[in-house]
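**Student:** Following this line is my_file_12.txt, made up of compact mmCIF, C-alpha atoms:
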# COMPACT_ATOMS: atom_id res chain seq x y z
CA MET A 1 119.23 156.55 136.82
CA ALA A 2 120.45 153.38 138.49
CA ARG A 3 120.35 150.65 135.91
CA ARG A 4 119.05 147.25 136.79
CA THR A 5 120.95 144.00 136.37
CA ILE A 6 120.08 141.82 133.41
CA ALA A 7 120.88 138.15 133.11
CA VAL A 8 121.12 136.76 129.60
CA LEU A 9 120.70 132.98 129.76
CA GLY A 10 122.21 131.49 126.64
CA GLY A 11 124.13 134.69 126.21
CA THR A 12 127.05 133.18 124.30
CA GLY A 13 124.89 132.62 121.22
CA ARG A 14 124.79 135.33 118.62
CA GLN A 15 121.40 136.67 119.65
CA GLY A 16 122.35 136.68 123.33
CA ARG A 17 125.73 138.26 122.62
CA GLY A 18 124.18 141.10 120.63
CA LEU A 19 121.59 141.76 123.29
CA ALA A 20 124.12 141.58 126.12
CA LEU A 21 126.46 144.11 124.52
CA ARG A 22 123.73 146.47 123.33
CA LEU A 23 122.20 146.50 126.83
CA ALA A 24 125.60 146.89 128.50
CA ASN A 25 126.27 149.81 126.17
CA ALA A 26 122.94 151.28 127.32
CA GLY A 27 124.16 151.19 130.93
CA TYR A 28 122.73 147.96 132.30
CA ARG A 29 124.81 145.63 134.41
CA THR A 30 124.77 142.59 132.18
CA VAL A 31 125.65 139.06 133.19
CA ILE A 32 125.67 136.02 130.97
CA GLY A 33 124.32 132.89 132.59
CA SER A 34 125.67 129.58 131.33
CA ARG A 35 125.57 125.90 132.15
CA ASP A 36 129.36 126.05 131.84
CA PRO A 37 130.50 129.40 133.28
CA ASP A 38 134.19 128.73 132.69
CA ARG A 39 133.67 128.09 129.01
CA ALA A 40 131.34 131.11 128.81
CA ALA A 41 134.02 133.28 130.41
CA ALA A 42 136.57 132.09 127.87
CA THR A 43 134.13 132.80 125.05
CA VAL A 44 133.47 136.32 126.27
CA ARG A 45 137.23 136.98 126.56
CA GLU A 46 137.59 135.96 122.92
CA TRP A 47 135.01 138.55 121.93
CA GLY A 48 137.50 141.26 122.90
CA ALA A 49 137.72 144.42 124.92
CA ASN A 50 134.25 145.72 124.02
CA TYR A 51 132.79 142.93 126.08
CA ASP A 52 134.87 143.54 129.23
CA ARG A 53 131.88 144.80 131.22
CA ILE A 54 129.92 141.62 130.61
CA THR A 55 130.41 139.07 133.37
CA THR A 56 129.64 135.38 133.32
CA THR A 57 128.28 133.00 135.89
CA SER A 58 126.03 129.96 136.30
CA HIS A 59 122.39 130.02 135.27
CA GLY A 60 121.32 129.90 138.90
CA ASP A 61 123.55 132.73 140.08
CA ALA A 62 122.66 134.88 137.08
CA ILE A 63 118.96 134.42 137.85
CA ALA A 64 119.41 135.10 141.56
CA THR A 65 121.27 138.36 141.07
CA SER A 66 119.14 139.90 138.31
CA GLU A 67 115.89 141.82 138.14
CA ILE A 68 115.48 140.98 134.47
CA ILE A 69 116.23 137.56 132.99
CA ILE A 70 116.44 137.32 129.23
CA LEU A 71 115.84 133.80 127.93
CA ALA A 72 118.00 133.27 124.85
CA LEU A 73 118.33 129.54 125.40
CA PRO A 74 117.59 126.81 122.88
CA PHE A 75 113.84 126.38 123.19
CA ASP A 76 114.13 122.70 124.13
CA SER A 77 116.07 123.52 127.28
CA VAL A 78 113.83 126.32 128.55
CA ALA A 79 111.46 124.22 130.68
CA SER A 80 114.20 122.20 132.40
CA THR A 81 116.31 125.30 133.08
CA LEU A 82 113.35 127.12 134.62
CA ALA A 83 112.44 124.07 136.72
CA GLN A 84 115.98 123.58 137.94
CA HIS A 85 116.35 127.17 139.13
CA ALA A 86 112.78 127.98 140.14
CA ALA A 87 113.73 128.79 143.74
CA ARG A 88 116.35 131.35 142.74
CA PHE A 89 114.22 134.01 141.07
CA ALA A 90 113.98 137.28 143.00
CA PRO A 91 110.47 138.35 144.07
CA ALA A 92 109.84 141.10 141.54
CA SER A 93 111.91 139.73 138.71
CA CYS A 94 110.77 139.47 135.13
CA ILE A 95 111.60 137.04 132.37
CA VAL A 96 111.92 138.40 128.84
CA ASP A 97 111.56 135.53 126.39
CA VAL A 98 113.28 136.00 123.03
CA THR A 99 112.99 132.42 121.75
CA VAL A 100 111.25 131.39 118.54
CA PRO A 101 111.21 127.63 118.00
CA VAL A 102 111.52 127.00 114.27
CA VAL A 103 111.73 123.67 112.47
CA PHE A 104 112.40 123.06 108.80
CA VAL A 105 109.86 120.84 107.05
CA SER A 106 110.74 119.90 103.46
CA GLY A 107 113.00 122.93 103.31
CA ASN A 108 110.34 125.34 104.60
CA ALA A 109 110.58 126.96 107.99
CA ALA A 110 107.64 126.38 110.32
CA LEU A 111 106.94 127.15 113.96
CA THR A 112 107.19 124.24 116.35
CA ASP A 113 103.83 123.28 117.78
CA VAL A 114 103.86 124.21 121.45
CA PRO A 115 101.14 122.82 123.74
CA GLU A 116 100.76 126.17 125.50
CA GLY A 117 100.20 127.97 122.15
CA SER A 118 103.48 129.85 121.90
CA ALA A 119 107.03 129.79 123.17
CA THR A 120 106.33 132.59 125.62
CA GLU A 121 103.22 130.92 127.01
CA HIS A 122 105.39 127.81 127.42
CA VAL A 123 107.79 129.94 129.45
CA ARG A 124 104.88 131.30 131.50
CA ALA A 125 103.71 127.75 132.24
CA HIS A 126 107.14 126.70 133.48
CA ALA A 127 108.24 129.86 135.32
CA PRO A 128 107.54 130.49 139.02
CA SER A 129 104.16 132.18 139.37
CA HIS A 130 105.57 135.26 141.14
CA VAL A 131 107.88 136.04 138.20
CA GLY A 132 106.57 138.19 135.37
CA VAL A 133 106.89 137.05 131.76
CA ALA A 134 107.07 139.13 128.59
CA ALA A 135 108.08 138.51 124.98
CA ALA A 136 110.45 140.82 123.11
CA PHE A 137 113.35 140.80 120.65
CA LYS A 138 111.80 137.93 118.75
CA THR A 139 111.76 139.48 115.29
CA ILE A 140 115.20 141.06 114.93
CA PRO A 141 117.63 138.76 113.10
CA ALA A 142 120.34 137.51 115.47
CA HIS A 143 123.17 138.68 113.22
CA ALA A 144 121.66 142.17 113.01
CA LEU A 145 121.40 142.34 116.81
CA ASP A 146 124.99 141.15 117.01
CA ASP A 147 126.28 143.78 114.57
CA VAL A 148 126.28 146.34 117.36
CA ALA A 149 127.80 149.15 115.30
CA HIS A 150 124.71 149.00 113.10
CA PRO A 151 121.61 150.87 114.33
CA LEU A 152 118.39 148.84 114.27
CA ASP A 153 115.85 150.99 112.47
CA CYS A 154 112.75 148.91 113.07
CA ASP A 155 109.98 148.11 115.49
CA GLU A 156 110.08 145.39 118.09
CA PHE A 157 106.95 143.78 119.46
CA VAL A 158 106.13 143.22 123.12
CA CYS A 159 103.44 141.23 124.85
CA GLY A 160 103.31 140.23 128.48
CA ASP A 161 101.34 138.81 131.37
CA SER A 162 100.99 142.18 133.12
CA PRO A 163 101.52 145.89 132.48
CA GLN A 164 104.67 145.63 134.63
CA SER A 165 106.12 142.84 132.52
CA ARG A 166 105.40 144.73 129.33
CA ALA A 167 106.92 147.90 130.78
CA THR A 168 110.11 145.99 131.57
CA ALA A 169 110.42 144.66 128.03
CA ILE A 170 109.58 148.07 126.57
CA GLU A 171 112.27 149.66 128.74
CA LEU A 172 114.90 147.33 127.26
CA ILE A 173 113.78 147.98 123.69
CA ASP A 174 113.72 151.73 124.19
CA ALA A 175 117.25 151.57 125.62
CA ILE A 176 118.60 150.30 122.29
CA ALA A 177 119.20 152.95 119.65
CA GLY A 178 116.88 152.81 116.65
CA LEU A 179 114.31 150.44 118.08
CA ARG A 180 110.72 151.38 118.76
CA ALA A 181 108.68 149.20 121.12
CA ILE A 182 105.18 148.22 120.04
CA ASP A 183 103.02 146.96 122.90
CA VAL A 184 100.64 144.39 121.43
CA GLY A 185 99.02 143.37 124.70
CA PRO A 186 98.49 140.09 126.53
CA LEU A 187 100.66 137.01 126.41
CA SER A 188 98.16 135.37 124.07
CA ARG A 189 99.64 137.58 121.34
CA ALA A 190 103.01 135.81 121.54
CA ARG A 191 102.26 133.35 118.74
CA SER A 192 101.46 136.23 116.39
CA ILE A 193 104.85 137.76 117.17
CA GLU A 194 106.51 134.39 116.56
CA HIS A 195 104.74 134.28 113.18
CA LEU A 196 106.40 137.61 112.34
CA THR A 197 109.74 135.91 112.83
CA LEU A 198 108.67 133.02 110.64
CA LEU A 199 107.59 135.45 107.93
CA ALA A 200 110.89 137.30 108.15
CA ILE A 201 112.78 134.02 107.74
CA GLY A 202 110.67 133.16 104.72
CA ILE A 203 111.17 136.61 103.20
CA ASN A 204 114.93 136.43 103.75
CA ARG A 205 115.22 133.04 102.07
CA ARG A 206 112.93 133.89 99.17
CA HIS A 207 114.47 137.27 98.42
CA LYS A 208 118.06 136.31 99.25
CA ILE A 209 118.41 139.00 101.88
CA ARG A 210 119.36 138.67 105.54
CA ASP A 211 117.79 141.52 107.44
CA ALA A 212 114.02 141.52 106.88
CA ARG A 213 112.32 143.05 109.88
CA PHE A 214 109.18 145.06 110.57
CA ARG A 215 107.89 148.56 110.99
CA ILE A 216 104.33 149.50 111.81
CA VAL A 217 102.84 152.19 109.58
CA GLY A 218 100.01 154.31 110.94
CA MET A 219 101.12 154.92 114.51
CA MET B 1 97.85 146.45 78.03
CA ALA B 2 94.52 144.63 78.00
CA ARG B 3 93.35 144.43 81.56
CA ARG B 4 91.82 141.26 82.87
CA THR B 5 88.40 140.95 84.46
CA ILE B 6 88.22 140.69 88.23
CA ALA B 7 85.26 139.35 90.16
CA VAL B 8 84.92 140.54 93.74
CA LEU B 9 82.70 138.11 95.62
CA GLY B 10 81.30 139.87 98.65
CA GLY B 11 82.13 143.13 96.97
CA THR B 12 79.46 145.19 98.69
CA GLY B 13 81.30 145.02 102.01
CA ARG B 14 83.76 147.78 102.81
CA GLN B 15 86.85 145.73 102.02
CA GLY B 16 85.37 144.50 98.74
CA ARG B 17 84.16 147.97 97.79
CA GLY B 18 87.57 149.52 98.35
CA LEU B 19 89.29 146.79 96.36
CA ALA B 20 86.76 146.95 93.54
CA LEU B 21 87.12 150.70 93.09
CA ARG B 22 90.88 150.79 93.46
CA LEU B 23 91.24 148.01 90.88
CA ALA B 24 88.70 149.63 88.54
CA ASN B 25 90.69 152.85 88.85
CA ALA B 26 93.77 150.86 87.88
CA GLY B 27 92.05 149.80 84.66
CA TYR B 28 90.65 146.38 85.47
CA ARG B 29 87.14 145.41 84.42
CA THR B 30 85.63 144.85 87.83
CA VAL B 31 82.42 142.98 88.59
CA ILE B 32 80.88 142.45 91.98
CA GLY B 33 79.41 139.02 92.53
CA SER B 34 76.53 138.75 94.96
CA ARG B 35 73.97 136.24 96.14
CA ASP B 36 71.43 139.00 95.51
CA PRO B 37 72.53 140.86 92.35
CA ASP B 38 69.56 143.26 92.38
CA ARG B 39 70.33 144.42 95.89
CA ALA B 40 74.03 144.63 95.04
CA ALA B 41 73.21 146.79 92.00
CA ALA B 42 71.15 149.12 94.18
CA THR B 43 73.97 149.32 96.70
CA VAL B 44 76.52 150.19 94.03
CA ARG B 45 74.22 152.89 92.64
CA GLU B 46 74.06 154.43 96.12
CA TRP B 47 77.86 154.64 96.19
CA GLY B 48 77.68 157.29 93.46
CA ALA B 49 79.19 158.15 90.12
CA ASN B 50 82.73 157.02 90.96
CA TYR B 51 81.46 153.46 90.99
CA ASP B 52 79.69 153.59 87.62
CA ARG B 53 82.21 151.28 85.96
CA ILE B 54 81.66 148.54 88.50
CA THR B 55 79.01 146.08 87.39
CA THR B 56 77.11 143.56 89.48
CA THR B 57 75.94 140.04 88.83
CA SER B 58 75.44 136.70 90.53
CA HIS B 59 78.32 134.81 92.16
CA GLY B 60 78.21 132.19 89.42
CA ASP B 61 78.23 134.62 86.51
CA ALA B 62 80.95 136.73 88.11
CA ILE B 63 83.12 133.64 88.52
CA ALA B 64 82.46 132.42 84.99
CA THR B 65 83.39 135.70 83.32
CA SER B 66 86.54 136.52 85.31
CA GLU B 67 90.16 135.50 85.19
CA ILE B 68 90.70 136.63 88.77
CA ILE B 69 88.21 136.01 91.58
CA ILE B 70 88.72 137.93 94.80
CA LEU B 71 87.09 136.25 97.79
CA ALA B 72 85.86 138.97 100.17
CA LEU B 73 83.02 136.85 101.54
CA PRO B 74 82.28 136.15 105.17
CA PHE B 75 84.62 133.26 105.94
CA ASP B 76 81.77 130.97 106.97
CA SER B 77 80.23 131.10 103.51
CA VAL B 78 83.42 130.50 101.52
CA ALA B 79 83.26 126.70 101.33
CA SER B 80 79.59 126.54 100.31
CA THR B 81 79.99 129.29 97.71
CA LEU B 82 82.98 127.54 96.15
CA ALA B 83 81.16 124.19 96.14
CA GLN B 84 78.03 125.66 94.59
CA HIS B 85 79.90 127.27 91.70
CA ALA B 86 82.77 124.83 91.23
CA ALA B 87 81.85 124.09 87.62
CA ARG B 88 81.89 127.73 86.57
CA PHE B 89 85.54 128.64 87.08
CA ALA B 90 87.46 129.29 83.86
CA PRO B 91 90.44 126.97 83.20
CA ALA B 92 93.29 129.36 84.04
CA SER B 93 91.50 131.43 86.64
CA CYS B 94 92.93 132.35 90.01
CA ILE B 95 91.31 132.97 93.37
CA VAL B 96 92.76 135.72 95.54
CA ASP B 97 91.64 135.15 99.13
CA VAL B 98 91.44 138.25 101.33
CA THR B 99 89.57 136.76 104.27
CA VAL B 100 90.83 136.65 107.85
CA PRO B 101 88.45 134.84 110.22
CA VAL B 102 88.64 136.59 113.59
CA VAL B 103 86.67 135.83 116.72
CA PHE B 104 86.58 137.80 119.93
CA VAL B 105 87.29 135.78 123.08
CA SER B 106 86.82 137.70 126.35
CA GLY B 107 87.26 140.92 124.44
CA ASN B 108 90.48 139.81 122.75
CA ALA B 109 90.66 139.14 119.03
CA ALA B 110 91.85 135.67 118.03
CA LEU B 111 92.08 133.79 114.76
CA THR B 112 89.44 131.15 114.19
CA ASP B 113 90.88 127.66 114.22
CA VAL B 114 90.69 126.32 110.68
CA PRO B 115 91.22 122.59 110.07
CA GLU B 116 93.33 123.30 106.99
CA GLY B 117 95.65 125.60 108.99
CA SER B 118 94.62 128.95 107.53
CA ALA B 119 91.76 130.62 105.73
CA THR B 120 93.59 130.44 102.41
CA GLU B 121 94.40 126.75 102.78
CA HIS B 122 90.69 126.28 103.55
CA VAL B 123 89.95 128.02 100.24
CA ARG B 124 92.50 125.81 98.47
CA ALA B 125 90.82 122.70 99.93
CA HIS B 126 87.39 123.77 98.66
CA ALA B 127 88.30 125.30 95.29
CA PRO B 128 88.42 123.29 92.04
CA SER B 129 91.88 121.79 91.64
CA HIS B 130 92.53 123.52 88.30
CA VAL B 131 92.03 126.99 89.85
CA GLY B 132 95.03 128.74 91.39
CA VAL B 133 94.83 130.15 94.92
CA ALA B 134 96.76 133.02 96.45
CA ALA B 135 96.41 135.18 99.56
CA ALA B 136 96.66 138.97 99.43
CA PHE B 137 95.12 142.15 100.85
CA LYS B 138 94.73 140.50 104.24
CA THR B 139 96.54 143.07 106.34
CA ILE B 140 95.22 146.42 105.09
CA PRO B 141 92.36 147.70 107.25
CA ALA B 142 89.06 147.62 105.32
CA HIS B 143 88.31 151.27 105.97
CA ALA B 144 91.76 152.29 104.70
CA LEU B 145 91.22 150.29 101.51
CA ASP B 146 87.83 151.92 101.16
CA ASP B 147 89.19 155.45 101.57
CA VAL B 148 90.28 155.44 97.94
CA ALA B 149 91.51 159.04 97.91
CA HIS B 150 94.09 158.01 100.49
CA PRO B 151 97.30 156.35 99.18
CA LEU B 152 98.26 153.14 100.98
CA ASP B 153 101.89 153.54 101.95
CA CYS B 154 102.59 150.04 103.18
CA ASP B 155 103.51 146.51 102.18
CA GLU B 156 101.07 143.78 101.37
CA PHE B 157 101.93 140.11 101.73
CA VAL B 158 101.35 137.41 99.15
CA CYS B 159 101.56 133.66 99.29
CA GLY B 160 100.20 131.17 96.82
CA ASP B 161 100.05 127.63 95.56
CA SER B 162 102.16 128.35 92.45
CA PRO B 163 104.39 131.05 90.99
CA GLN B 164 101.50 131.92 88.64
CA SER B 165 99.06 132.42 91.50
CA ARG B 166 101.53 134.59 93.37
CA ALA B 167 102.23 136.61 90.21
CA THR B 168 98.51 137.29 89.82
CA ALA B 169 98.19 138.56 93.38
CA ILE B 170 101.36 140.61 93.06
CA GLU B 171 100.02 142.17 89.85
CA LEU B 172 96.92 143.41 91.69
CA ILE B 173 98.92 144.83 94.57
CA ASP B 174 101.35 146.58 92.27
CA ALA B 175 98.42 148.11 90.39
CA ILE B 176 97.34 150.01 93.52
CA ALA B 177 99.24 153.20 94.26
CA GLY B 178 101.45 153.11 97.33
CA LEU B 179 101.40 149.36 97.89
CA ARG B 180 104.45 147.14 97.63
CA ALA B 181 103.95 143.40 97.23
CA ILE B 182 106.03 141.08 99.40
CA ASP B 183 106.11 137.51 98.12
CA VAL B 184 106.41 135.26 101.17
CA GLY B 185 106.19 131.97 99.32
CA PRO B 186 103.99 128.89 99.56
CA LEU B 187 100.41 128.72 100.76
CA SER B 188 101.63 127.33 104.08
CA ARG B 189 102.62 130.92 104.92
CA ALA B 190 99.00 132.09 104.91
CA ARG B 191 98.53 131.63 108.65
CA SER B 192 101.51 133.89 109.33
CA ILE B 193 99.93 136.59 107.15
CA GLU B 194 96.65 136.17 109.01
CA HIS B 195 98.56 136.63 112.27
CA LEU B 196 99.78 139.98 110.93
CA THR B 197 96.16 141.03 110.65
CA LEU B 198 95.47 139.85 114.17
CA LEU B 199 98.45 141.83 115.45
CA ALA B 200 97.27 144.94 113.60
CA ILE B 201 93.82 144.60 115.19
CA GLY B 202 95.44 144.25 118.61
CA ILE B 203 97.70 147.25 118.01
CA ASN B 204 94.77 149.37 116.82
CA ARG B 205 92.68 148.55 119.88
CA ARG B 206 95.51 148.97 122.36
CA HIS B 207 96.82 152.22 120.93
CA LYS B 208 93.44 153.68 119.95
CA ILE B 209 94.41 154.03 116.30
CA ARG B 210 92.71 152.64 113.21
CA ASP B 211 95.32 152.19 110.54
CA ALA B 212 98.13 149.99 111.83
CA ARG B 213 99.71 148.16 108.92
CA PHE B 214 103.14 146.83 108.01
CA ARG B 215 106.28 147.67 106.16
CA ILE B 216 109.27 145.40 105.78
CA VAL B 217 112.61 147.02 106.61
CA GLY B 218 115.76 145.60 105.01
CA MET B 219 114.57 144.89 101.47
Would you encode the structure as structure tokens?

**Tutor:**
Amino acid sequence: MARRTIAVLGGTGRQGRGLALRLANAGYRTVIGSRDPDRAAATVREWGANYDRITTTSHGDAIATSEIIILALPFDSVASTLAQHAARFAPASCIVDVTVPVVFVSGNAALTDVPEGSATEHVRAHAPSHVGVAAAFKTIPAHALDDVAHPLDCDEFVCGDSPQSRATAIELIDAIAGLRAIDVGPLSRARSIEHLTLLAIGINRRHKIRDARFRIVGM
Amino acid sequence: MARRTIAVLGGTGRQGRGLALRLANAGYRTVIGSRDPDRAAATVREWGANYDRITTTSHGDAIATSEIIILALPFDSVASTLAQHAARFAPASCIVDVTVPVVFVSGNAALTDVPEGSATEHVRAHAPSHVGVAAAFKTIPAHALDDVAHPLDCDEFVCGDSPQSRATAIELIDAIAGLRAIDVGPLSRARSIEHLTLLAIGINRRHKIRDARFRIVGM
């Protein structure tokens, strides 16, 4: 099976790095998009030989050459990045949003209020209309994703603006060993998925663990 | 160990019935509070001999004679019921809120907007200040709770306004075979728990199952 090309915008962060390598290991051509491609290339070289297959380029070129664009950017820069590169998305491309905007209020984590209702609906509002949008990989802790030798024995939740978008996100999840994709439906479910992340953060802090994640019982 | 008395307000619904019997089976004195105690008594008699230990009385008397008050009422009637019986709560009593207000918008389930942020914070705002408030039993499907021969092999999430309130809710969960209590912290986490319920409803509908529920991996 010919694997598609995946851009990971913000791919030098821990979450992006883990996703990029796990998806490269699964056979995808994986390219990290960065505002500073030279620095990104240097960063990837520092990661070592395992990461040799992962290339780096600008945000715009990564978007233009990929069928799937994973958004692992800081949430605050999502809208401007999408606006800046709106003309470069390929016709049938799909954005997979992995962001969860969290703020700490009096020491407690909380979700940032987003006018569109959720981070992924914010992405939908700012992405070109011909590009699909799905949410995935929101609930797995970044350091667990990044520990690529460690299988991820949990479920990962997907919602999206079309069956095609959801199928794209599900394909990526199913390509990673140990993950099971749970399709939870329309994009309006994104805030519920983001609340899972918030709960996991709260559970980690309260119980002094690092890896709380979810599995659905009964299916 | 002397078991405490538990009132289940709204205990003739399926969720309340399942909770009442499971907690009675665990050794608690369990009383169903109802706006119409005679009808509630008739209903409980119809349930059969298994339910003989469960008594029925008015909301006010159930509240006054119980250390733990489970709110399994329709969400819309919570505030008025609490206001009407505010004077009857015992000094160290604790409310365990199990409600999740869901509306269906264009065929999709959504959480009702609640000014206080969540159903349980709504309860906190309307309960007497000396009464503790915790959330629990929000994510287990009512019919699974009610199928008392069936063990519940999943986690159940607790938040509360004090360590004492959370301990009360955790005690009830731990008393039911197969359940593990997950303490997620302050009452401000209630909305996240309610989003779990919403996700489970969405998963059930999408995947044509009935029993989606949650387990935390990594703890």

**Student:** Pick out the residues sitting within 7 Å of Val100 in chain B, and hand them over as an MDAnalysis selection string; count all atoms listed in the file, and ignore anything fewer than 3 positions along from it in its own chain.

**Tutor:** chainID B and resid 119 138 194

**Student:** Emit the selected residues as a PDB file, in the frame of the given file, including C-alpha atoms.

**Tutor:**
ATOM      1  CA  ALA B 119      91.760 130.620 105.730  1.00  0.00           C
ATOM      2  CA  LYS B 138      94.730 140.500 104.240  1.00  0.00           C
ATOM      3  CA  GLU B 194      96.650 136.170 109.010  1.00  0.00           C
TER       4      GLU B 194
END

**Student:** Write out as a list in words the residues lying within 6 Å of Gly33 in chain B, counting only C-alpha atoms and excluding same-chain residues fewer than 4 positions away.

**Tutor:** Val8, Leu9, Thr56, Thr57, Ser58, His59 and Ala62 of chain B

**Student:** Tell me, in Å to one decimal, how far CA of Ile6 in chain A is from CA of Val44 in chain A.

**Tutor:**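 Computed distance, CA of Ile6 in chain A to CA of Val44 in chain A, equals 16.1 Å.
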
**Student:** Please, which residues of chain A lie no more than 8 Å from chain B when the count uses only C-alpha atoms, and can they be set out as a list in words?

**Tutor:**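 Residues satisfying the distance criterion: Asp153, Cys154, Ile182, Asp183, Val184, Gly185, Arg189, Ser192, Ile193, His195, Leu196, Leu198, Leu199, Gly202, Ile203, Arg206, Ile209, Arg210, Asp211, Ala212, Arg213, Phe214, Arg215, Ile216, Val217, Gly218 and Met219 of chain A.
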
**Student:** Have a look at CA of Gly132 in chain A and CA of Gln164 in chain A and let me know their distance in Å, one decimal.

**Tutor:**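 Straight-line distance from CA of Gly132 in chain A to CA of Gln164 in chain A works out to 7.7 Å.
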
**Student:** Which residues, written as a VMD selection string, have at least one atom at most 8 Å from Ala86 in chain B, with all atoms listed in the file counted and residues fewer than 4 positions away on the same chain left out?

**Tutor:** chain B and resid 82 127 to 128

**Student:** To one decimal in Å, tell me the separation between CA of Leu145 in chain B and CA of Gln15 in chain B.

**Tutor:** 6.3 Å

**Student:** Quick one: everything within 10 Å of Gly13 in chain B, counting only C-alpha atoms, minus sequence neighbours fewer than 6 positions away in the same chain. Send it as a PyMOL selection string.

**Tutor:** chain B and resi 19+72-74+142+146

**Student:** Excluding Ala167 in chain A and its own-chain neighbours fewer than 3 positions away, which residues fall within 12 Å of it when counting all atoms listed in the file? Please give them as a list in words.

**Tutor:** Ile68, Cys94, Ile95, Val96, Gly132, Val133, Ala134, Ala135, Ala136, Val158, Cys159, Gly160, Asp161, Ser162, Pro163, Gln164, Ile170, Glu171, Leu172, Ile173, Asp174, Ala181, Ile182, Asp183, Val184 and Gly185 of chain A

**Student:** Here is a test: counting only C-alpha atoms, which residue of A:Ala7, A:Val114, A:Ala87, A:Leu179 is nearest to Val102 in chain A?

**Tutor:** A:Val114
